[in-house]
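Participant: Let me give you the structure first, and then I'll get to my questions.
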Amino acid sequence: MDHRTVLLVFFCFLLVTVRSEVQKDFSPECREFMYMGTPPRGLENRSLKKICQRYNGKPRYVTLYDVVDHIPVYSAYTFKRSDGFKKVDVPWMFEPQLSTESDSGEMQPFPPNDVHDSFSDAQAILEDYSNIVDFERGHLNPDEHQAHPDDKAATYTLTNVVPQVREFNVGHWKQHEHIIRRRLNNYCRGKAYIVTGVTTSGRMIRRYNIDRVAVPTYLWSAYCCVDYDHNAPFDERSKFPVFAAHGLNEKEGAEVIEMSVQQLEDFLKKNTFVDKRFQIFFGNCEPNDAIMAVQT
């Protein structure tokens, strides 16, 4: 076998290896981050890739990623109780599963600047977010909803962030993340599943006169916790087992509005590209004996 054949075989092996976690369907170990192991239904598009987000040897959450708009459509994760204040110091990472430039199936720190273009076709890179005044990198799976340092670190990949207007990111949306953390800390007795996503309407961040990253119009989020405190105050108890919210990604008029999941689904059917079957949680997260038996 000559050296050219060896290189070709190696390249094919590398391509299969690094793309092994971009899955046609989520594997069982990755489905644990979704209620009843079921992803939101009614979101199908060739440009959407299912990513099992891995860090330090373990899956941490899942993301549906748009390789054309270079943003996540949603991230789905399980909430971990914490005080919300502890931070981790990690560099921003990219997703080798969308690239042929790495032999790893785990998220990795960005390499030196001069090789960023080698994988920028399929995902956002740091340069896309540099020298922009109006937007910040806003998490869909926020670090304050995680407890273990590795789970927190895993949120710092560009496949988990979208361009958020700064005032919205540090204002109304951050406050909403605080509210959900406190509510689930205090009143969710079992496992809480959260799905956070976006809608878009064509606005883009451009680099070198090329559309690079879609700017969300709305951010939305929903949680499901079937095992909750039935003695909680009514104002809190009425928001279980499932509730939702959305907020406009703008400087003004960006109040986050809480609502039922059905109301959110109806809103998304009118404002984004989902079909009539769209459903965020299996069975609408309705607790019953059969579902509880399967969960336990």
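To be explicit about the labels: the chains of the structure tokens are called A, B, and onward in the order shown, and within each one the residues are counted from 1, while ligands get numbers from 1 in the order they are shown.
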Determine, counting only C-alpha atoms, which protein, DNA and RNA residues have an atom within 6 Å of an atom of segment 146-163 of chain A; residues of the same chain fewer than 5 positions away are not included. Present the result as a list of chain:residue names.

Facilitator: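 The residues satisfying every condition are A:Tyr55, A:Ile71, A:Pro72, A:Lys80, A:Ser82, A:Trp92, A:Met93, A:Phe94, A:Phe135, A:Glu136, A:Arg137, A:Gly138, A:His139, A:Leu140, A:Val215.
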
Participant: Write a file of the just-selected residues containing N, CA, C and O atoms, as a compact mmCIF listing (two decimals), in the first residue's frame.

Facilitator:
# COMPACT_ATOMS: atom_id res chain seq x y z
N TYR A 55 -18.34 16.56 26.90
CA TYR A 55 -17.22 17.27 27.52
C TYR A 55 -16.61 16.39 28.59
O TYR A 55 -17.32 15.81 29.42
N ILE A 71 -26.29 28.84 14.28
CA ILE A 71 -26.78 28.99 15.65
C ILE A 71 -27.54 27.74 16.06
O ILE A 71 -28.03 27.00 15.20
N PRO A 72 -27.67 27.50 17.36
CA PRO A 72 -28.54 26.42 17.81
C PRO A 72 -29.99 26.81 17.66
O PRO A 72 -30.36 27.96 17.91
N LYS A 80 -29.85 21.32 37.13
CA LYS A 80 -29.15 20.86 38.34
C LYS A 80 -29.24 21.95 39.41
O LYS A 80 -28.94 23.11 39.15
N SER A 82 -28.45 24.48 42.23
CA SER A 82 -27.24 25.18 42.62
C SER A 82 -27.61 26.56 43.12
O SER A 82 -28.76 26.99 43.02
N TRP A 92 -13.71 29.58 25.31
CA TRP A 92 -14.80 29.22 24.42
C TRP A 92 -14.38 28.06 23.52
O TRP A 92 -13.23 27.96 23.11
N MET A 93 -15.35 27.18 23.23
CA MET A 93 -15.05 25.97 22.50
C MET A 93 -15.86 25.87 21.21
O MET A 93 -16.85 26.58 21.02
N PHE A 94 -15.40 24.99 20.33
CA PHE A 94 -16.11 24.70 19.09
C PHE A 94 -16.48 23.22 19.08
O PHE A 94 -16.10 22.46 19.99
N PHE A 135 -24.40 43.01 20.19
CA PHE A 135 -24.75 41.65 20.59
C PHE A 135 -23.69 41.03 21.50
O PHE A 135 -22.51 41.35 21.42
N GLU A 136 -24.16 40.10 22.34
CA GLU A 136 -23.30 39.28 23.17
C GLU A 136 -23.61 37.82 22.90
O GLU A 136 -24.65 37.48 22.33
N ARG A 137 -22.70 36.94 23.33
CA ARG A 137 -22.93 35.51 23.23
C ARG A 137 -23.86 35.08 24.36
O ARG A 137 -23.46 35.08 25.53
N GLY A 138 -25.08 34.75 24.02
CA GLY A 138 -26.08 34.38 25.02
C GLY A 138 -26.31 32.88 25.04
O GLY A 138 -26.60 32.26 24.01
N HIS A 139 -26.18 32.27 26.22
CA HIS A 139 -26.35 30.82 26.37
C HIS A 139 -27.81 30.41 26.22
O HIS A 139 -28.71 31.09 26.73
N LEU A 140 -28.04 29.25 25.60
CA LEU A 140 -29.35 28.61 25.68
C LEU A 140 -29.41 27.70 26.90
O LEU A 140 -30.38 27.70 27.64
N VAL A 215 -29.41 36.26 13.80
CA VAL A 215 -29.77 36.93 15.04
C VAL A 215 -31.20 36.55 15.42
O VAL A 215 -32.13 36.79 14.64

Participant: Which residues come within 10 Å of segment 262-267 of chain A, counting only C-alpha atoms, excluding same-chain residues fewer than 5 positions away, as JSON, numbers by chain?

Facilitator: {"A": [220, 221, 222, 242, 243, 244, 245, 246, 257, 272, 274, 276, 277, 278, 279, 280, 284]}

Participant: Give the helix (DSSP H, G or I) residues of segment 151-296 of chain A, as assigned by DSSP on the backbone, as a PyMOL selection string.

Facilitator: chain A and resi 151-153+158-160+166-170+172-187+234-237+261-271+282-285+289-295

Participant: Smallest atom-to-atom distance to Glu286 of chain A: which of A:Val90, A:Cys224, A:Leu268, A:Leu48, using only C-alpha atoms?

Facilitator: A:Cys224

Participant: Tell me, as a PyMOL selection string, which residues lie within 10 Å of Asn271 of chain A, counting only C-alpha atoms; anything in the same chain fewer than 6 positions away does not count.

Facilitator: chain A and resi 199-201+217-218+265

Participant: What lies within 7 Å of segment 65-68 of chain A using only C-alpha atoms, ignoring chain neighbours under 5 positions off, as a PyMOL selection string?

Facilitator: chain A and resi 47-50+73+122-123+159

Participant: Please report, as a PyMOL selection string, each residue of segment 58-207 of chain A to which DSSP assigns strand (DSSP E or B) when run on this structure's backbone.

Facilitator: chain A and resi 58-66+71-78+93-94+108-109+135-139+157+161-165+188+193-207

Participant: As an NGL selection string, please: the residues near Ser238 of chain A (cut-off 12 Å, only C-alpha atoms, same-chain neighbours under 5 positions excluded).

Facilitator: :A and (183 or 187 or 228-233 or 243 or 258-260)

Participant: Could you pull the residues within 9 Å of Gly84 of chain A, counting only C-alpha atoms, minus those fewer than 5 positions along the same chain, as an MDAnalysis selection string?

Facilitator: chainID A and resid 143:147 178 181:182

Participant: I need the residue nearest Thr78 of chain A from this list: A:Arg60, A:Arg212, A:Arg206, A:Lys174. Use only C-alpha atoms for the distance.

Facilitator: A:Arg60
